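Each remark here refers to the structure printed beneath this line.
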Amino acid sequence: MRLSLRFIIPLFLALGALAYAVVPLVDKLTLQWFERDLDLRASLIASTVQEPLRDLIRAGNRGRLLEFFSRISQDERLYALGFCPLGHGEAIATPALPVEIHCAQLEQYSGPSGQLLQSPDGALLVSVRSLEVDGAPAGTLVLVHDMSFVARRSAETRKYLFYFFVALGAIVALITVVIAQLSWRGWVHGLRALLRGEGLVRPSDGPEVREIPELRPIASDLRALIRDLEADHRSRDEDQLAWTPETLRAILRTDLPGHEVMVVSNREPYIHVREGDSIALWRPASGLVTAMEPIMRACSGTWIAHGGGSADREVVDEHAHVAVPPEQPAYQLRRVWLTPEQEAGYYYGFANEGLWPLCHIAHVRPIFRTSDWEQYVTVNRTFARAVVEEAKSPDPIVLVQDYHFALLPRMIQDTLPAATIVSFWHIPWPNPEAFAICPWREELLDGLLGSSILGFHTQFHCNNFVDTVDRLLEARVDREMFTVSYRGKLTAVKRYPISIEWPPSPALVGAPVEHCRRDVRARHGLPADHAIGVGVDRLDYTKGIEERLRAVERLLEMEPQWVGKFTFIQIAAPTRNRIPQYQEYEGRVRAMAAGINERFAGAPHPPIVLLVEHRQPHDIYEYYRAAEVCMVSSLHDGMNLVAKEFVSSRDDERGVLILSQFTGAARELPEAIIVNPYDTDQCAAALHMALSMPPAGQRARIRLMRGLIQEFNVYRWAGRMLIDAVGMRRRGRLLDRAATPERQSRRPAGRDATRAP
């Protein structure tokens, strides 16, 4: 105890000195951080109000200008707002503007982060921004931010730091005392016994010692437990890693040694099609493929998908395998063949005329037919057999993708009960009332609950799924842990926001932005200084292409200066053209684009360029890099990776993203211009704002979005699922170990017992 006290007292003194030194540093860093944050807010406010402010200045109405300032200054951190006309005229300002601020002395506040000012109401941060009208200086915008909240935050920080150091000292002291006591009383003696070979080993006839056989099971269990604890510790530390293909491989090597990873999806990552006498290779325009293909290249597993290309059968081996990517094979693609009747009923019928409109709020009525359901069940069984055939072990990790395979998890679990099945639902999940429309709702839920983990893009979709299960099935739902216990099996319902590869492949962003701008404009006969917008979608009624074209037309009505100077290029990949709703939608889009161009036929350049065709990824990225604005106007979307692709493509830190509020991406990229695609005027105003946004505003927004995509990339998305799968497998093994002795103790006496005399 004396030794412990000799250590504890200096420890507390050292922690006190450290706290005394750290608190001022934390205060200083906090102040600097808030100053930078408020200065960035000042830049964003100045950029946002510049357009309406220019109009009010031109009108010369001081009353409306003051009313405009009063509305803006209602922000709780914006203390006052003023405008000093050119030539140091009379300032127009809200009443709270400090009297110390004079239009003739604004130079002292023009530093990179503003200037602090002390007033009777507390500390204020003064920032100034110059304003131009018609290319000429018009005056200076003065923004005064309230800094009183910084003092409150600093006080809270000091309090929490004090509690932290007190708790740290107490914990270290307690651990020190416990270890000292245990070491003194028993650990040293036990260690010496082990070193002498006593206890776990027994002397043999010779000079060597041998293990006690009775203790071998205990030693084996201890070693396994230590390995599991070490692996669990490594898994928690993965949050601190940079997520790359090497990170995924490391997870597989350390946490899943010898285990195989399989992906099952309807859409294949590479399609072979016959073009005359040659075979061409297509990369489908699919968010699922965009996300999963880099994962499989990192994991070197097997991807099972429907082989629908006209030349798919010609390039596979006798087991329907083909190594991909063709230029540098990294994994196996196993193709599953379907009859035309199966494809029509399972894919075009139940999946895309039934489930797709059921899950999307796009005002298209779902159609359910018994014949389509029967084909859906048959195809899911076909893919389940393919998984069993491809499995090289009894416990693979199977990543089941999307609404085409709602029944597949249960079918795999029935055949491979040791498999870890991670299902990901790439589209929205509706509320219980909407899902109850489906005649086979219980069967679909039962199939999905065969998964070990069921993933969605957003927490809102997780909530909807749990509510649906609670409403429609006799299952035990844990809303705190977000698990469902059904038919003796536990399914975790988790949020995994999908993303894209980072950094983008050099093949996609290798061409300089200047070359992309020049080539795209030359291709469409547009001048070098012509502004262009871009949209990239499948020709699907959920993507809001009609709403997007209406917004372009409304922009040209509201802001005629863009007529002949702005063109919107819509790349629309044909999809599901056997379904009548898709045929009608394509016809409406073509007619709308032609009508808008005809209306503005007198302009030197058309307002709309509609490209209804498949484009390879490098072509699409060329359009991303050439455009001033990318518009994503989905009416309902689980995530939408086009938005993230556009942001990742802009390494020049230019370009503006307009994003529908009804996409999952809008929750992750608030720096985009968020719009309601049904509000045509709002979308048109967003286009004008994007086209008029200065480079500094573009740079500030896109830097934040690129930073988020860099951190939360597709490798992190897949890695979190694999780590969670590892955790579930580990917990399952520990529970099985714990249950084995109990089962053995309950085992009745066998025939050997009856033979006892």
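Ordering of the structure tokens sets the chain letters (A, B, ...); residue numbers start at 1 within each chain; ligands are numbered from 1 in the order shown.
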Legend entry - Selection near range 287-298 of chain A, 6 Å with only C-alpha atoms, sequence-local residues under 4 positions removed, as an NGL selection string: :A and (245 or 269 or 330 or 500 or 641)
Inset, instruction - Enumerate, as number ranges by chain, the complete set of residues in range 240-405 of chain A that a backbone-based DSSP assignment places in helix (DSSP H, G or I). - result: A: 240, 245-255, 287-299, 312-314, 340-359, 370-390, 403-405
Inset, instruction - Tell me which of A:Ile569, A:Val144, A:Val647, A:Ala138 sits closest to Ala42 in chain A, counting only C-alpha atoms. - result: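 Smallest separation from Ala42 in chain A among the options: A:Val144.
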Inset, instruction - Write down as a list in words the residues of range 316-427 of chain A whose backbone DSSP state falls under strand (DSSP E). - result: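 Answer for range 316-427 of chain A restricted to strand (DSSP E) is His321, Val322, Ala323, Val324, Tyr331, Gln332, Leu333, Arg334, Arg335, Val336, Ile397, Val398, Leu399, Val400, Gln401, Thr420, Ile421, Val422, Ser423 and Phe424 of chain A.
Closest approach to Glu341 in chain A among A:Tyr376, A:Arg158, A:Thr567, A:Asp317: A:Tyr376, based on only C-alpha atoms.
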Inset, instruction - Enter the distance from CA of Ser310 in chain A to CA of Ser265 in chain A, in Å, rounded to one decimal. - result: 18.6 Å
Legend entry - Of the listed residues A:Ala311, A:Val629, A:Val263, A:Cys438, that which approaches Arg334 in chain A most closely, counting only C-alpha atoms: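 The shortest atom-to-atom distance to Arg334 in chain A comes from A:Val263.
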Inset, instruction - Please provide the set of residues having any atom within 10 Å of His404 in chain A, restricted to only C-alpha atoms, with same-chain residues fewer than 5 positions apart removed, written as a ChimeraX atom specification. - result: /A:264-267,346-347,350-352,355-356,376,379-380,425
Legend entry - Given only C-alpha atoms as the counted atoms, nearest of A:Leu448, A:Leu472, A:Asp619, A:Asp537 to Leu490 in chain A: A:Leu448
Inset, instruction - Write out as a list in words which residues come within 9 Å of Ala685 in chain A when counting only C-alpha atoms, dropping same-chain ones fewer than 2 positions away. - result: Ala551, Arg554, Leu555, Met558, Thr680, Asp681, Gln682, Cys683, Leu687, His688, Met689 and Ala690 of chain A
Store the residues picked out above in a file with all heavy atoms, as a PDB file, in the first residue's frame.
```pdb
ATOM      1  N   ALA A 551     -37.693  22.235 -64.985  1.00  0.00           N
ATOM      2  CA  ALA A 551     -36.916  23.261 -64.281  1.00  0.00           C
ATOM      3  C   ALA A 551     -36.029  24.035 -65.255  1.00  0.00           C
ATOM      4  O   ALA A 551     -35.873  25.259 -65.129  1.00  0.00           O
ATOM      5  CB  ALA A 551     -36.073  22.610 -63.188  1.00  0.00           C
ATOM      6  N   ARG A 554     -38.252  26.412 -67.092  1.00  0.00           N
ATOM      7  CA  ARG A 554     -38.661  27.527 -66.231  1.00  0.00           C
ATOM      8  C   ARG A 554     -37.497  28.494 -66.002  1.00  0.00           C
ATOM      9  O   ARG A 554     -37.707  29.709 -65.917  1.00  0.00           O
ATOM     10  CB  ARG A 554     -39.157  26.967 -64.899  1.00  0.00           C
ATOM     11  CG  ARG A 554     -39.705  28.009 -63.942  1.00  0.00           C
ATOM     12  CD  ARG A 554     -40.881  28.725 -64.518  1.00  0.00           C
ATOM     13  NE  ARG A 554     -41.459  29.667 -63.566  1.00  0.00           N
ATOM     14  CZ  ARG A 554     -42.063  30.780 -63.896  1.00  0.00           C
ATOM     15  NH1 ARG A 554     -42.185  31.100 -65.187  1.00  0.00           N
ATOM     16  NH2 ARG A 554     -42.570  31.581 -62.974  1.00  0.00           N
ATOM     17  N   LEU A 555     -36.268  27.980 -65.913  1.00  0.00           N
ATOM     18  CA  LEU A 555     -35.095  28.842 -65.771  1.00  0.00           C
ATOM     19  C   LEU A 555     -35.005  29.809 -66.946  1.00  0.00           C
ATOM     20  O   LEU A 555     -34.766  31.015 -66.760  1.00  0.00           O
ATOM     21  CB  LEU A 555     -33.826  27.997 -65.696  1.00  0.00           C
ATOM     22  CG  LEU A 555     -32.501  28.764 -65.837  1.00  0.00           C
ATOM     23  CD1 LEU A 555     -32.243  29.621 -64.606  1.00  0.00           C
ATOM     24  CD2 LEU A 555     -31.345  27.803 -66.085  1.00  0.00           C
ATOM     25  N   MET A 558     -37.662  32.489 -66.500  1.00  0.00           N
ATOM     26  CA  MET A 558     -37.416  33.430 -65.413  1.00  0.00           C
ATOM     27  C   MET A 558     -36.151  34.258 -65.640  1.00  0.00           C
ATOM     28  O   MET A 558     -36.090  35.424 -65.241  1.00  0.00           O
ATOM     29  CB  MET A 558     -37.309  32.674 -64.083  1.00  0.00           C
ATOM     30  CG  MET A 558     -38.577  31.964 -63.649  1.00  0.00           C
ATOM     31  SD  MET A 558     -38.311  30.861 -62.231  1.00  0.00           S
ATOM     32  CE  MET A 558     -37.709  32.003 -60.997  1.00  0.00           C
ATOM     33  N   THR A 680     -41.154  23.385 -59.260  1.00  0.00           N
ATOM     34  CA  THR A 680     -40.438  23.773 -60.475  1.00  0.00           C
ATOM     35  C   THR A 680     -39.732  25.112 -60.303  1.00  0.00           C
ATOM     36  O   THR A 680     -38.585  25.279 -60.735  1.00  0.00           O
ATOM     37  CB  THR A 680     -41.408  23.832 -61.666  1.00  0.00           C
ATOM     38  OG1 THR A 680     -42.066  22.569 -61.801  1.00  0.00           O
ATOM     39  CG2 THR A 680     -40.671  24.142 -62.960  1.00  0.00           C
ATOM     40  N   ASP A 681     -40.394  26.082 -59.693  1.00  0.00           N
ATOM     41  CA  ASP A 681     -39.772  27.393 -59.518  1.00  0.00           C
ATOM     42  C   ASP A 681     -38.543  27.303 -58.622  1.00  0.00           C
ATOM     43  O   ASP A 681     -37.527  27.964 -58.873  1.00  0.00           O
ATOM     44  CB  ASP A 681     -40.773  28.378 -58.922  1.00  0.00           C
ATOM     45  CG  ASP A 681     -41.776  28.886 -59.956  1.00  0.00           C
ATOM     46  OD1 ASP A 681     -41.665  28.470 -61.126  1.00  0.00           O
ATOM     47  OD2 ASP A 681     -42.661  29.677 -59.596  1.00  0.00           O
ATOM     48  N   GLN A 682     -38.631  26.518 -57.561  1.00  0.00           N
ATOM     49  CA  GLN A 682     -37.470  26.363 -56.673  1.00  0.00           C
ATOM     50  C   GLN A 682     -36.306  25.720 -57.417  1.00  0.00           C
ATOM     51  O   GLN A 682     -35.147  26.137 -57.266  1.00  0.00           O
ATOM     52  CB  GLN A 682     -37.846  25.516 -55.454  1.00  0.00           C
ATOM     53  CG  GLN A 682     -36.724  25.402 -54.439  1.00  0.00           C
ATOM     54  CD  GLN A 682     -36.992  24.355 -53.367  1.00  0.00           C
ATOM     55  OE1 GLN A 682     -37.410  23.238 -53.682  1.00  0.00           O
ATOM     56  NE2 GLN A 682     -36.769  24.715 -52.117  1.00  0.00           N
ATOM     57  N   CYS A 683     -36.570  24.707 -58.225  1.00  0.00           N
ATOM     58  CA  CYS A 683     -35.503  24.049 -58.987  1.00  0.00           C
ATOM     59  C   CYS A 683     -34.889  25.000 -60.011  1.00  0.00           C
ATOM     60  O   CYS A 683     -33.672  25.006 -60.226  1.00  0.00           O
ATOM     61  CB  CYS A 683     -36.043  22.800 -59.683  1.00  0.00           C
ATOM     62  SG  CYS A 683     -36.511  21.474 -58.546  1.00  0.00           S
ATOM     63  N   LEU A 687     -31.002  26.296 -60.191  1.00  0.00           N
ATOM     64  CA  LEU A 687     -30.140  26.287 -61.369  1.00  0.00           C
ATOM     65  C   LEU A 687     -29.487  27.653 -61.580  1.00  0.00           C
ATOM     66  O   LEU A 687     -28.285  27.746 -61.869  1.00  0.00           O
ATOM     67  CB  LEU A 687     -30.951  25.895 -62.603  1.00  0.00           C
ATOM     68  CG  LEU A 687     -31.200  24.409 -62.833  1.00  0.00           C
ATOM     69  CD1 LEU A 687     -32.243  24.195 -63.918  1.00  0.00           C
ATOM     70  CD2 LEU A 687     -29.906  23.692 -63.198  1.00  0.00           C
ATOM     71  N   HIS A 688     -30.271  28.722 -61.432  1.00  0.00           N
ATOM     72  CA  HIS A 688     -29.709  30.074 -61.600  1.00  0.00           C
ATOM     73  C   HIS A 688     -28.654  30.354 -60.529  1.00  0.00           C
ATOM     74  O   HIS A 688     -27.587  30.913 -60.829  1.00  0.00           O
ATOM     75  CB  HIS A 688     -30.829  31.101 -61.529  1.00  0.00           C
ATOM     76  CG  HIS A 688     -30.341  32.514 -61.660  1.00  0.00           C
ATOM     77  ND1 HIS A 688     -29.736  32.994 -62.799  1.00  0.00           N
ATOM     78  CD2 HIS A 688     -30.352  33.549 -60.771  1.00  0.00           C
ATOM     79  CE1 HIS A 688     -29.403  34.264 -62.618  1.00  0.00           C
ATOM     80  NE2 HIS A 688     -29.759  34.615 -61.395  1.00  0.00           N
ATOM     81  N   MET A 689     -28.946  29.953 -59.294  1.00  0.00           N
ATOM     82  CA  MET A 689     -27.980  30.151 -58.206  1.00  0.00           C
ATOM     83  C   MET A 689     -26.691  29.385 -58.482  1.00  0.00           C
ATOM     84  O   MET A 689     -25.586  29.889 -58.281  1.00  0.00           O
ATOM     85  CB  MET A 689     -28.593  29.697 -56.883  1.00  0.00           C
ATOM     86  CG  MET A 689     -27.670  29.800 -55.687  1.00  0.00           C
ATOM     87  SD  MET A 689     -28.453  29.183 -54.180  1.00  0.00           S
ATOM     88  CE  MET A 689     -27.087  29.316 -53.019  1.00  0.00           C
ATOM     89  N   ALA A 690     -26.820  28.150 -58.968  1.00  0.00           N
ATOM     90  CA  ALA A 690     -25.632  27.332 -59.244  1.00  0.00           C
ATOM     91  C   ALA A 690     -24.801  27.936 -60.371  1.00  0.00           C
ATOM     92  O   ALA A 690     -23.569  27.992 -60.285  1.00  0.00           O
ATOM     93  CB  ALA A 690     -26.059  25.913 -59.602  1.00  0.00           C
TER      94      ALA A 690
END
```
Inset, instruction - Extract, using only C-alpha atoms, all DNA, RNA and protein residues at most 10 Å from Pro512 in chain A, discarding same-chain residues fewer than 6 positions from it, and format them as a list in words. - result: Glu622, Arg625, Ala626, Asp651 and Asp652 of chain A
Inset, instruction - Would you mind listing what lies within 10 Å of Tyr109 in chain A as a list in words, with only C-alpha atoms counted and same-chain residues fewer than 3 positions away left out? - result: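 After dropping sequence-adjacent residues, the list is Ile101, Gln105, Leu106, Pro112, Ser113, Gly114, Gln115, Leu116, Leu117, Leu125, Val126, Ser127, Val128, Arg129 and Val142 of chain A.
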For the selection you just gave me, I'd like the residues written to a file as a PDB file, in the first residue's frame, keeping C-alpha atoms.
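Wrote result_34.pdb, looks like this:
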```pdb
ATOM      1  CA  ILE A 101     -17.936  50.483 -36.614  1.00  0.00           C
ATOM      2  CA  GLN A 105     -12.579  52.629 -41.008  1.00  0.00           C
ATOM      3  CA  LEU A 106     -13.451  49.185 -42.337  1.00  0.00           C
ATOM      4  CA  PRO A 112      -8.427  36.706 -43.107  1.00  0.00           C
ATOM      5  CA  SER A 113     -10.658  35.719 -40.164  1.00  0.00           C
ATOM      6  CA  GLY A 114     -12.276  39.065 -39.263  1.00  0.00           C
ATOM      7  CA  GLN A 115     -11.559  41.154 -36.156  1.00  0.00           C
ATOM      8  CA  LEU A 116     -12.701  40.737 -32.544  1.00  0.00           C
ATOM      9  CA  LEU A 117     -14.541  43.674 -30.994  1.00  0.00           C
ATOM     10  CA  LEU A 125     -16.516  39.125 -34.474  1.00  0.00           C
ATOM     11  CA  VAL A 126     -16.634  41.644 -37.330  1.00  0.00           C
ATOM     12  CA  SER A 127     -16.217  40.401 -40.928  1.00  0.00           C
ATOM     13  CA  VAL A 128     -16.414  42.483 -44.092  1.00  0.00           C
ATOM     14  CA  ARG A 129     -17.071  41.342 -47.657  1.00  0.00           C
ATOM     15  CA  VAL A 142     -20.477  44.189 -42.767  1.00  0.00           C
TER      16      VAL A 142
END
```
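Residues within 6 Å of range 492-497 of chain A, counting only C-alpha atoms and excluding same-chain residues fewer than 2 positions away, are Ile453, Leu454, Gly455, Phe456, His457, Thr458, Gln459, Phe482 and Thr483 of chain A.
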Legend entry - Atom pair CA of Arg699 in chain A / CA of Arg654 in chain A: separation (Å):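 These atoms are spaced 5.8 Å apart.
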Legend entry - Nearest to Ile709 in chain A, chosen from A:Ile57, A:Ile498, A:Val536, A:Ala91, with only C-alpha atoms counted in the distances: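 Closest candidate: A:Ile498.
Between Arg365 in chain A and the candidates A:Gln581, A:Thr157, A:Glu343, A:Trp33, the tightest atom-to-atom separation, counting only C-alpha atoms, involves A:Gln581.
Put simply, CA of Asn676 in chain A is 26.9 Å away from CA of Glu598 in chain A.
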